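A.B. asks: This is input-v3.tsv (TSV, C-alpha atoms).
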```tsv
chain	number	residue	atom	x	y	z
A	6	MET	CA	344.05	110.18	92.16
A	7	GLY	CA	341.41	109.08	89.65
A	8	HIS	CA	340.37	112.64	88.84
A	9	ILE	CA	342.62	114.63	86.52
A	10	ARG	CA	342.13	118.32	85.81
A	11	ASN	CA	341.41	117.84	82.10
A	12	GLY	CA	338.52	115.48	82.78
A	13	ASN	CA	340.34	112.19	82.18
A	14	GLY	CA	340.41	109.43	84.76
A	15	VAL	CA	337.44	107.97	86.56
A	16	TYR	CA	335.45	111.21	86.85
A	17	GLY	CA	336.00	111.92	83.18
A	18	ARG	CA	334.68	108.46	82.32
A	19	LEU	CA	331.70	109.07	84.57
A	20	GLN	CA	330.98	112.43	82.91
A	21	ARG	CA	331.03	110.80	79.48
A	22	ARG	CA	328.73	108.05	80.72
A	23	LEU	CA	326.25	110.60	82.13
A	24	ASP	CA	326.41	112.60	78.92
A	25	ARG	CA	325.05	109.59	77.01
A	26	PHE	CA	321.68	109.97	78.73
A	27	PRO	CA	319.04	111.83	76.69
A	28	ILE	CA	319.47	114.54	79.33
A	29	GLY	CA	323.18	115.15	79.04
A	30	ALA	CA	326.10	116.25	81.19
A	31	PRO	CA	328.47	118.36	79.06
A	32	PRO	CA	331.99	118.67	80.48
A	33	ALA	CA	332.74	121.69	82.64
A	34	PRO	CA	334.99	122.34	85.64
A	35	ALA	CA	331.95	122.83	87.88
A	36	LEU	CA	330.58	119.40	86.93
A	37	TYR	CA	333.82	117.64	87.86
A	38	GLU	CA	333.76	119.40	91.22
A	39	ILE	CA	330.19	118.18	91.78
A	40	LEU	CA	331.06	114.60	90.82
A	41	LYS	CA	334.11	114.53	93.11
A	42	ARG	CA	331.99	115.56	96.09
A	43	LEU	CA	329.13	113.17	95.39
A	44	TYR	CA	330.92	109.99	94.24
A	45	THR	CA	333.81	108.19	95.81
A	46	GLU	CA	336.26	106.89	93.22
A	47	GLU	CA	334.91	103.38	93.75
A	48	GLU	CA	331.33	104.59	93.18
A	49	ALA	CA	332.38	106.58	90.12
A	50	GLU	CA	334.07	103.53	88.62
A	51	ILE	CA	330.94	101.44	89.06
A	52	ALA	CA	328.67	104.22	87.77
A	53	ALA	CA	330.80	104.70	84.66
A	54	ARG	CA	330.21	101.04	83.73
A	55	MET	CA	326.51	100.76	84.56
A	56	PRO	CA	324.04	100.09	81.74
A	57	ILE	CA	321.87	102.97	80.61
A	58	ARG	CA	318.64	101.02	81.16
A	59	PHE	CA	317.20	99.32	84.25
A	60	THR	CA	319.35	96.29	85.07
A	61	ASP	CA	319.35	93.68	87.81
A	62	LEU	CA	322.24	93.06	90.17
A	63	ALA	CA	323.62	90.21	88.06
A	64	GLY	CA	323.74	92.42	84.97
A	65	ILE	CA	325.64	95.14	86.80
A	66	ALA	CA	328.01	92.53	88.23
A	67	ARG	CA	328.83	91.37	84.69
A	68	ARG	CA	329.55	94.94	83.54
A	69	THR	CA	331.62	95.95	86.56
A	70	LYS	CA	333.30	92.59	87.14
A	71	LYS	CA	332.39	92.76	90.82
A	72	SER	CA	330.44	90.14	92.71
A	73	ALA	CA	326.83	90.73	93.66
A	74	ASP	CA	327.75	90.51	97.34
A	75	VAL	CA	330.29	93.31	96.92
A	76	LEU	CA	327.99	95.45	94.77
A	77	ARG	CA	324.83	95.24	96.87
A	78	PRO	CA	325.94	97.47	99.80
A	79	ILE	CA	327.71	99.90	97.44
A	80	LEU	CA	324.60	100.34	95.30
A	81	HIS	CA	322.48	100.80	98.43
A	82	ARG	CA	324.85	103.51	99.65
A	83	MET	CA	324.73	105.17	96.24
A	84	ALA	CA	320.93	105.04	96.31
A	85	ASP	CA	320.95	106.73	99.72
A	86	LYS	CA	322.82	109.61	98.06
A	87	GLY	CA	320.51	109.58	95.05
A	88	LEU	CA	323.27	108.48	92.66
A	89	VAL	CA	321.44	105.28	91.77
A	90	MET	CA	317.71	104.60	91.64
A	91	ASP	CA	316.48	101.16	92.70
A	92	PHE	CA	312.98	99.83	92.15
A	93	GLU	CA	311.41	96.50	92.97
A	94	HIS	CA	310.13	94.64	89.91
A	95	ARG	CA	308.66	91.15	90.04
A	96	GLY	CA	310.16	90.39	93.41
A	97	LYS	CA	313.68	91.68	92.79
A	98	PHE	CA	315.36	95.04	92.57
A	99	THR	CA	316.52	96.62	89.35
A	100	TYR	CA	318.87	99.58	89.23
A	101	ILE	CA	319.57	102.53	87.00
A	102	LEU	CA	322.18	105.25	87.24
A	103	SER	CA	320.60	108.58	88.13
A	104	PRO	CA	321.01	111.20	85.39
A	105	THR	CA	321.90	114.78	86.20
A	106	VAL	CA	318.25	115.97	86.01
A	107	ILE	CA	315.72	114.69	86.88
A	108	GLY	CA	318.21	112.79	89.05
A	109	PHE	CA	321.10	113.26	91.44
A	110	PHE	CA	321.08	117.06	91.18
A	111	GLU	CA	317.68	117.02	92.90
A	112	PHE	CA	318.28	114.07	95.20
A	113	ALA	CA	321.40	115.64	96.73
A	114	PHE	CA	319.33	118.55	98.07
A	115	MET	CA	315.96	116.99	98.87
A	116	ARG	CA	316.85	117.01	102.56
A	117	VAL	CA	319.40	118.65	104.84
A	118	ARG	CA	322.23	116.16	105.22
A	119	SER	CA	325.62	116.00	106.93
A	120	ASP	CA	327.15	113.24	104.77
A	121	LEU	CA	327.59	115.59	101.80
A	122	PRO	CA	329.22	119.06	101.66
A	123	GLN	CA	326.00	120.65	100.46
A	124	LYS	CA	327.20	124.24	100.61
A	125	GLU	CA	330.20	123.47	98.41
A	126	ILE	CA	328.10	121.43	95.99
A	127	ALA	CA	325.47	124.20	95.84
A	128	LYS	CA	328.07	126.70	94.65
A	129	HIS	CA	329.12	124.42	91.80
A	130	MET	CA	325.50	123.50	91.00
A	131	VAL	CA	324.62	127.16	90.48
A	132	ALA	CA	327.70	127.65	88.30
A	133	TYR	CA	326.84	124.60	86.20
A	134	ALA	CA	323.03	124.47	86.06
A	135	HIS	CA	322.16	128.18	86.23
A	136	ASP	CA	325.18	130.00	84.79
A	137	GLU	CA	326.37	127.52	82.16
A	138	PRO	CA	324.46	127.76	78.83
A	139	ASP	CA	326.07	124.56	77.52
A	140	PHE	CA	324.31	122.55	80.21
A	141	ALA	CA	320.96	124.23	79.53
A	142	ARG	CA	321.37	123.58	75.80
A	143	ALA	CA	322.13	119.90	76.48
A	144	VAL	CA	319.12	119.43	78.77
A	145	PHE	CA	316.59	121.35	76.69
A	146	ALA	CA	317.89	120.58	73.20
A	147	GLY	CA	314.70	119.07	71.77
A	148	LYS	CA	310.96	119.68	71.74
A	149	THR	CA	310.23	116.88	74.23
A	150	GLN	CA	311.13	117.83	77.80
A	151	ALA	CA	311.14	116.17	81.22
A	152	GLY	CA	308.66	118.64	82.72
A	153	ARG	CA	305.27	120.02	81.67
A	154	THR	CA	303.08	122.73	83.09
A	155	LEU	CA	299.91	121.79	84.97
A	156	ILE	CA	297.43	124.64	84.95
A	157	HIS	CA	295.96	125.95	88.19
A	158	GLU	CA	292.53	124.44	87.71
A	159	ASP	CA	290.74	127.19	89.62
A	160	THR	CA	291.79	129.67	86.93
A	161	VAL	CA	289.92	127.82	84.19
A	162	ASP	CA	286.37	128.81	83.28
A	163	PRO	CA	283.99	126.06	84.55
A	164	ALA	CA	282.71	125.56	81.00
A	165	ASP	CA	286.24	124.68	79.86
A	166	LEU	CA	287.06	122.26	82.67
A	167	THR	CA	285.47	119.39	80.77
A	168	HIS	CA	288.08	119.83	78.04
A	169	ILE	CA	290.98	119.13	80.42
A	170	LEU	CA	292.09	115.52	80.17
A	171	ASP	CA	292.70	113.60	83.38
A	172	TYR	CA	296.49	113.50	82.97
A	173	GLU	CA	296.45	117.29	82.56
A	174	ARG	CA	294.83	117.82	85.97
A	175	ALA	CA	297.04	118.15	89.02
A	176	THR	CA	294.20	117.05	91.28
A	177	HIS	CA	293.62	113.88	89.25
A	178	ILE	CA	297.34	113.06	89.25
A	179	VAL	CA	297.45	113.33	93.04
A	180	LYS	CA	294.23	111.43	93.67
A	181	GLU	CA	295.14	108.54	91.35
A	182	ALA	CA	298.65	108.05	92.76
A	183	LYS	CA	299.39	104.98	94.90
A	184	ALA	CA	301.96	106.67	97.14
A	185	TRP	CA	302.99	110.23	98.04
A	186	ALA	CA	306.08	111.84	99.55
A	187	VAL	CA	307.34	115.37	100.11
A	188	SER	CA	310.91	116.68	100.17
A	189	LEU	CA	312.70	119.99	100.13
A	190	CYS	CA	312.58	121.92	96.86
A	191	PHE	CA	316.12	121.33	95.65
A	192	CYS	CA	316.23	124.60	93.67
A	193	ARG	CA	315.32	126.80	96.62
A	194	HIS	CA	317.50	124.70	98.95
A	195	ILE	CA	320.51	125.30	96.70
A	196	GLN	CA	319.79	129.02	96.53
A	197	GLU	CA	319.43	129.07	100.31
A	198	HIS	CA	323.02	127.84	100.60
A	199	GLU	CA	324.00	130.66	98.25
A	200	GLY	CA	322.09	133.24	100.31
A	201	LYS	CA	319.64	133.87	97.46
A	202	ALA	CA	316.52	131.97	98.52
A	203	CYS	CA	313.28	133.74	97.60
A	204	GLY	CA	311.29	132.87	100.73
A	205	LYS	CA	308.71	130.68	98.99
A	206	PRO	CA	307.78	127.38	100.75
A	207	LEU	CA	310.66	124.91	100.90
A	208	GLU	CA	309.14	121.54	101.82
A	209	VAL	CA	306.89	121.16	98.78
A	210	CYS	CA	308.69	118.90	96.26
A	211	THR	CA	306.12	116.17	95.65
A	212	THR	CA	306.96	112.65	94.49
A	213	LEU	CA	304.39	110.05	93.54
A	214	ASN	CA	303.94	106.32	93.04
A	215	SER	CA	307.12	104.20	92.91
A	216	ALA	CA	309.27	107.35	93.01
A	217	ALA	CA	307.70	108.21	96.36
A	218	ASP	CA	308.57	104.74	97.66
A	219	TYR	CA	312.18	105.22	96.52
A	220	VAL	CA	312.44	108.66	98.15
A	221	VAL	CA	311.04	107.43	101.46
A	222	ARG	CA	313.08	104.22	101.49
A	223	HIS	CA	316.33	106.14	101.17
A	224	GLY	CA	315.47	108.98	103.53
A	225	LEU	CA	315.24	111.62	100.79
A	226	GLY	CA	311.77	112.70	101.90
A	227	ARG	CA	308.88	111.77	104.15
A	228	ARG	CA	305.75	109.83	103.31
A	229	ILE	CA	302.55	111.86	103.29
A	230	SER	CA	298.86	111.18	102.77
A	231	LYS	CA	296.85	112.05	99.70
A	232	GLU	CA	295.17	114.79	101.71
A	233	GLU	CA	298.49	116.40	102.68
A	234	ALA	CA	299.60	116.27	99.06
A	235	LEU	CA	296.44	118.10	98.00
A	236	ASP	CA	297.04	120.67	100.74
A	237	ILE	CA	300.56	121.28	99.39
A	238	PHE	CA	299.14	121.91	95.93
A	239	ALA	CA	296.57	124.35	97.34
A	240	ARG	CA	299.25	126.17	99.36
A	241	THR	CA	301.64	126.53	96.42
A	242	ARG	CA	298.84	127.77	94.17
A	243	ALA	CA	298.11	130.47	96.74
A	244	GLU	CA	301.83	131.36	96.73
A	245	GLY	CA	301.78	131.83	92.96
A	246	LEU	CA	304.08	128.88	92.20
A	247	VAL	CA	303.98	126.95	88.94
A	248	HIS	CA	303.06	123.26	89.01
A	249	ILE	CA	305.59	121.49	86.75
A	250	GLY	CA	304.90	117.78	86.57
A	251	ASP	CA	306.48	114.68	85.09
A	252	ASN	CA	305.87	114.86	81.33
A	253	VAL	CA	304.05	111.53	81.02
A	254	ARG	CA	300.46	110.37	80.96
A	255	ARG	CA	300.88	107.23	83.06
A	256	ARG	CA	302.48	106.80	86.48
A	257	PRO	CA	303.98	110.29	86.86
A	258	ALA	CA	306.88	110.42	89.31
A	259	TYR	CA	306.85	114.00	90.54
A	260	VAL	CA	305.32	117.45	90.55
A	261	CYS	CA	307.52	120.46	91.35
A	262	HIS	CA	306.20	123.78	92.65
A	263	CYS	CA	308.38	126.32	90.93
A	264	CYS	CA	309.28	129.99	91.11
A	265	GLY	CA	310.83	131.99	88.31
A	266	CYS	CA	313.85	133.00	90.39
A	267	CYS	CA	315.18	129.70	91.77
A	268	CYS	CA	313.89	126.98	89.43
A	269	ALA	CA	316.54	125.64	87.04
A	270	MET	CA	313.93	124.89	84.36
A	271	LEU	CA	312.39	128.36	84.48
A	272	SER	CA	315.90	129.84	84.69
A	273	ALA	CA	316.62	128.40	81.24
A	274	ILE	CA	313.67	130.42	79.94
A	275	ASN	CA	314.45	133.61	81.84
A	276	ARG	CA	318.23	133.66	81.48
A	277	PHE	CA	318.91	131.84	78.20
A	278	LYS	CA	315.60	132.43	76.35
A	279	MET	CA	315.06	128.69	75.85
A	280	PHE	CA	311.31	128.92	75.55
A	281	ASP	CA	310.85	125.17	74.99
A	282	ALA	CA	312.46	124.26	78.33
A	283	VAL	CA	309.08	123.35	79.86
A	284	ILE	CA	306.13	121.88	77.99
A	285	THR	CA	303.12	124.18	78.22
A	286	SER	CA	299.67	123.35	79.53
A	287	PRO	CA	296.80	123.14	77.00
A	288	PHE	CA	295.91	126.76	77.90
A	289	GLU	CA	297.39	130.20	77.49
A	290	ALA	CA	296.57	133.56	79.04
A	291	ALA	CA	294.20	135.86	77.16
A	292	VAL	CA	293.83	139.60	77.80
A	293	ASP	CA	290.59	141.54	77.37
A	294	PRO	CA	291.90	145.01	76.45
A	295	GLY	CA	288.51	146.57	77.18
A	296	ARG	CA	288.85	145.72	80.87
A	297	CYS	CA	292.63	146.04	81.28
A	298	ASN	CA	293.92	149.28	82.80
A	299	GLY	CA	297.62	148.39	82.46
A	300	CYS	CA	298.28	148.17	86.21
A	301	GLY	CA	301.06	145.63	85.57
A	302	MET	CA	300.21	143.20	88.38
A	303	CYS	CA	299.85	140.28	85.96
A	304	ALA	CA	303.26	141.00	84.42
A	305	LYS	CA	304.84	141.06	87.88
A	306	LYS	CA	303.33	137.66	88.73
A	307	CYS	CA	304.26	135.90	85.46
A	308	PRO	CA	307.25	133.65	86.25
A	309	VAL	CA	308.69	133.79	82.71
A	310	GLY	CA	307.94	137.33	81.51
A	311	ALA	CA	305.26	136.32	79.02
A	312	LEU	CA	303.20	139.43	79.85
A	313	ARG	CA	304.37	143.00	79.40
A	314	ILE	CA	302.74	146.43	79.62
A	315	GLU	CA	302.61	148.60	76.50
A	316	GLY	CA	301.31	152.10	75.89
A	317	GLU	CA	301.19	155.27	77.95
A	318	GLY	CA	298.75	156.77	80.45
A	319	LYS	CA	295.21	155.50	80.02
A	320	GLY	CA	296.31	153.60	76.93
A	321	LYS	CA	298.48	151.18	78.89
A	322	LYS	CA	297.50	147.55	78.34
A	323	ALA	CA	298.86	144.11	79.15
A	324	VAL	CA	300.13	142.26	76.09
A	325	LEU	CA	300.85	138.52	75.95
A	326	ASN	CA	303.70	136.82	74.12
A	327	PRO	CA	302.04	133.43	73.43
A	328	GLY	CA	305.38	131.88	72.45
A	329	ILE	CA	306.56	132.25	76.04
A	330	CYS	CA	303.35	131.65	78.04
A	331	LEU	CA	303.42	128.40	80.05
A	332	GLY	CA	299.66	128.34	80.56
A	333	CYS	CA	300.18	127.97	84.30
A	334	GLY	CA	297.41	130.38	85.40
A	335	VAL	CA	299.59	132.16	87.97
A	336	CYS	CA	298.84	135.55	86.42
A	337	LYS	CA	295.03	135.40	86.50
A	338	PRO	CA	294.37	135.95	90.24
A	339	ALA	CA	296.55	139.06	90.10
A	340	CYS	CA	294.04	140.86	87.86
A	341	ALA	CA	291.41	142.69	89.95
A	342	ARG	CA	289.46	143.79	86.86
A	343	GLY	CA	288.78	140.36	85.40
A	344	SER	CA	290.61	141.17	82.18
A	345	LEU	CA	292.58	137.90	82.19
A	346	SER	CA	291.27	134.48	81.29
A	347	MET	CA	292.80	131.14	80.35
A	348	ALA	CA	291.99	130.20	76.76
A	349	ALA	CA	292.45	126.78	75.18
A	350	ARG	CA	295.41	126.55	72.82
A	351	LYS	CA	294.63	125.88	69.19
A	352	GLU	CA	296.69	122.69	69.11
A	353	ARG	CA	296.61	119.94	71.73
A	354	VAL	CA	299.89	119.52	73.59
A	355	MET	CA	301.30	116.02	72.98
A	356	VAL	CA	302.39	114.13	76.12
A	357	PRO	CA	304.39	110.85	76.05
A	358	GLU	CA	302.56	107.83	77.42
A	359	THR	CA	305.33	106.63	79.76
A	360	ALA	CA	308.76	107.66	81.03
A	361	TRP	CA	310.35	105.10	78.73
A	362	GLN	CA	308.61	106.52	75.66
A	363	ARG	CA	309.66	110.02	76.68
A	364	ALA	CA	313.28	108.90	77.09
A	365	VAL	CA	313.31	107.31	73.64
A	366	VAL	CA	311.78	110.37	71.95
A	367	MET	CA	314.21	112.67	73.76
A	368	ALA	CA	317.11	110.44	72.71
A	369	ILE	CA	316.03	110.52	69.05
A	370	GLU	CA	315.63	114.30	69.12
A	371	ARG	CA	319.04	114.81	70.75
A	372	GLY	CA	320.97	112.33	68.59
A	373	LYS	CA	321.45	109.80	71.41
A	374	PHE	CA	319.10	107.00	70.40
A	375	GLN	CA	322.03	104.67	69.72
A	376	ASN	CA	323.03	104.83	73.39
A	377	LEU	CA	319.77	103.16	74.43
A	378	LEU	CA	320.23	100.29	71.99
A	379	PHE	CA	323.94	99.57	72.43
A	380	ASP	CA	324.79	100.62	75.97
A	381	ASP	CA	327.92	98.60	76.79
A	382	PHE	CA	330.45	101.37	76.40
A	383	ASP	CA	333.45	99.05	76.87
A	384	ARG	CA	332.61	96.86	73.86
A	385	LEU	CA	334.09	97.77	70.48
A	386	ASP	CA	331.21	96.16	68.58
A	387	HIS	CA	328.72	98.32	70.49
A	388	ALA	CA	330.80	101.39	69.67
A	389	ALA	CA	330.66	100.53	65.96
A	390	LEU	CA	326.91	99.85	66.11
A	391	ARG	CA	326.32	103.14	67.90
A	392	ALA	CA	328.20	105.01	65.19
A	393	VAL	CA	326.17	103.38	62.40
A	394	THR	CA	322.86	103.84	64.22
A	395	ARG	CA	323.54	107.51	64.88
A	396	ILE	CA	324.11	108.11	61.17
A	397	VAL	CA	320.98	106.18	60.14
A	398	VAL	CA	318.69	107.74	62.76
A	399	GLY	CA	320.08	111.17	61.90
A	400	LEU	CA	318.76	110.89	58.35
A	401	PRO	CA	315.70	113.19	58.13
A	402	PRO	CA	313.25	110.58	56.75
A	403	VAL	CA	314.26	108.00	59.40
A	404	LYS	CA	314.15	110.51	62.24
A	405	LYS	CA	310.78	111.81	61.10
A	406	ALA	CA	309.37	108.28	60.91
A	407	LEU	CA	310.62	107.35	64.39
A	408	LEU	CA	309.05	110.50	65.86
A	409	SER	CA	305.73	110.12	64.07
A	410	GLN	CA	302.67	109.20	66.11
A	411	GLN	CA	301.73	106.52	63.56
A	412	VAL	CA	304.71	104.25	64.27
A	413	GLN	CA	305.39	105.02	67.93
A	414	SER	CA	302.93	102.64	69.60
A	415	ARG	CA	304.17	99.44	67.95
A	416	PHE	CA	307.79	100.61	68.02
A	417	PHE	CA	307.89	101.39	71.74
A	418	ARG	CA	306.22	98.10	72.68
A	419	ALA	CA	308.79	96.17	70.68
A	420	LEU	CA	311.73	98.16	72.06
A	421	ALA	CA	310.57	97.87	75.66
A	422	SER	CA	310.28	94.10	75.42
A	423	GLY	CA	313.64	93.70	73.70
```
Give the structure from this file in structure tokens form.
C.D. replies:
Amino acid sequence: MGHIRNGNGVYGRLQRRLDRFPIGAPPAPALYEILKRLYTEEEAEIAARMPIRFTDLAGIARRTKKSADVLRPILHRMADKGLVMDFEHRGKFTYILSPTVIGFFEFAFMRVRSDLPQKEIAKHMVAYAHDEPDFARAVFAGKTQAGRTLIHEDTVDPADLTHILDYERATHIVKEAKAWAVSLCFCRHIQEHEGKACGKPLEVCTTLNSAADYVVRHGLGRRISKEEALDIFARTRAEGLVHIGDNVRRRPAYVCHCCGCCCAMLSAINRFKMFDAVITSPFEAAVDPGRCNGCGMCAKKCPVGALRIEGEGKGKKAVLNPGICLGCGVCKPACARGSLSMAARKERVMVPETAWQRAVVMAIERGKFQNLLFDDFDRLDHAALRAVTRIVVGLPPVKKALLSQQVQSRFFRALASG
């Protein structure tokens, strides 16, 4: 068998390949169990050799030493399982290996399916993604994250609405999208298999634009209209769920509708105190102590425990920890006395322009930038170049320069065209 208990063999090679993504995949027994149930050995062997950037069929054939005719149906089958993402570009498909998150962890549970042992996988997913701090540390290691909070716009004072930029508005993101799809919330679906689902709406995971086309094409969700997408957002706001969207300005791929109990991202905050796991909105909750009577309803609604009640008797008041607050607005409707408002943060939250820029910044922050530049992991010269690049990029002045806003625009254009 290709899998060996200590992580060697084909599944060990696949784990190491996945761990080279900016969002990593640290070794753990639960991860190997997940990989064995999702990938056949043939699929794992191909995945372990795939480039880390979008590549056409010919490029993957060169890496895997398999013909295009042999690869095509295998890659399509892998895409049906969410192990590979395929997108049409200039008349032909390009492929990329799905990372753990946002990737095959979600895709495996975006619908009920009989071709995968979902109950078994769910058990190992919870052990790895919810109970394993090493995984959370790998995913949320830097300041730049995959997800960012979109404030419930109806909680913002009308006078402040003009200060919200278009890419910070959930309604604008939905209305400007070219395609929409909805799938099962993978977090609540997993917890359902574990008998721990919270009862919040299940079919609400929203994908947009080319990601929606991918999801529909491979049966991972159903196509919906713009109007239905807006209805989903309205329904999840009423349910007190947090909108966590793709952390990019242009062509966002998804918006999740998250609860503090099931969501893997919010679990990192609640269980492991990783308060940077989700980028905040440009707002934060503000408490008017003159109106607050300390009833505690806002604290009960907050999905990350950013509000607490202090004092005794008539002196009880809600107190905010601004270092935890997501700025989601979920707490405000819970206050019957009007003591809560959403105030603009002092500093504007920086959002990457595109998914590629976000990936590069995340890679620099997490010490994985060299993997994007030299991604043939079977070549000795690439291994040497990765080692040198990691040392150079790790130097504080170099790292600071690469992450500075002044050099990013020209740098990312050059890298993307290389």
A.B. asks: Name the closest residue to Asn376 of chain A among the candidates A:Arg18, A:Ile57, A:Leu76, A:Gly200; distances are taken between atoms, counting all atoms listed in the file.
C.D. replies: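 Looking only at the distances to Asn376 of chain A, the closest residue turns out to be A:Ile57.
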A.B. asks: Would you compute the distance between atom CA of His129 of chain A and atom CA of Ala143 of chain A? Give it in Å to one decimal.
C.D. replies: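 Separation of atom CA of His129 of chain A and atom CA of Ala143 of chain A: 17.4 Å.
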A.B. asks: To one decimal place in Å, what is the distance between atom CA of Asn298 of chain A and atom CA of Lys322 of chain A?
C.D. replies: 6.0 Å
A.B. asks: Do you know which residues are at most 12 Å from Leu325 of chain A counting all atoms listed in the file, after dropping those on the same chain fewer than 5 positions away, and could you put them as JSON, numbers by chain?
C.D. replies: {"A": [289, 290, 291, 292, 293, 294, 301, 303, 304, 307, 309, 310, 311, 312, 313, 314, 315, 330, 331, 332, 336, 345, 346, 347]}
A.B. asks: Please, what distance in Å, to one decimal, runs between atom CA of Gly226 of chain A and atom CA of Val187 of chain A?
C.D. replies: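 Between atom CA of Gly226 of chain A and atom CA of Val187 of chain A the gap is 5.5 Å.
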A.B. asks: As an mmCIF file with C-alpha atoms, keeping the file's coordinate frame, please: the residues near Arg391 of chain A (cut-off 10 Å, only C-alpha atoms, same-chain neighbours under 2 positions excluded).
C.D. replies:
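Okay, this is what ended up in out.cif:
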```cif
data_model
loop_
_atom_site.group_PDB
_atom_site.id
_atom_site.type_symbol
_atom_site.label_atom_id
_atom_site.label_comp_id
_atom_site.auth_asym_id
_atom_site.auth_seq_id
_atom_site.Cartn_x
_atom_site.Cartn_y
_atom_site.Cartn_z
ATOM 1 C CA LYS A 373 321.450 109.800 71.410
ATOM 2 C CA PHE A 374 319.100 107.000 70.400
ATOM 3 C CA GLN A 375 322.030 104.670 69.720
ATOM 4 C CA ASN A 376 323.030 104.830 73.390
ATOM 5 C CA LEU A 377 319.770 103.160 74.430
ATOM 6 C CA LEU A 378 320.230 100.290 71.990
ATOM 7 C CA PHE A 379 323.940 99.570 72.430
ATOM 8 C CA ASP A 380 324.790 100.620 75.970
ATOM 9 C CA PHE A 382 330.450 101.370 76.400
ATOM 10 C CA LEU A 385 334.090 97.770 70.480
ATOM 11 C CA ASP A 386 331.210 96.160 68.580
ATOM 12 C CA HIS A 387 328.720 98.320 70.490
ATOM 13 C CA ALA A 388 330.800 101.390 69.670
ATOM 14 C CA ALA A 389 330.660 100.530 65.960
ATOM 15 C CA VAL A 393 326.170 103.380 62.400
ATOM 16 C CA THR A 394 322.860 103.840 64.220
ATOM 17 C CA ARG A 395 323.540 107.510 64.880
ATOM 18 C CA ILE A 396 324.110 108.110 61.170
ATOM 19 C CA VAL A 397 320.980 106.180 60.140
#
```
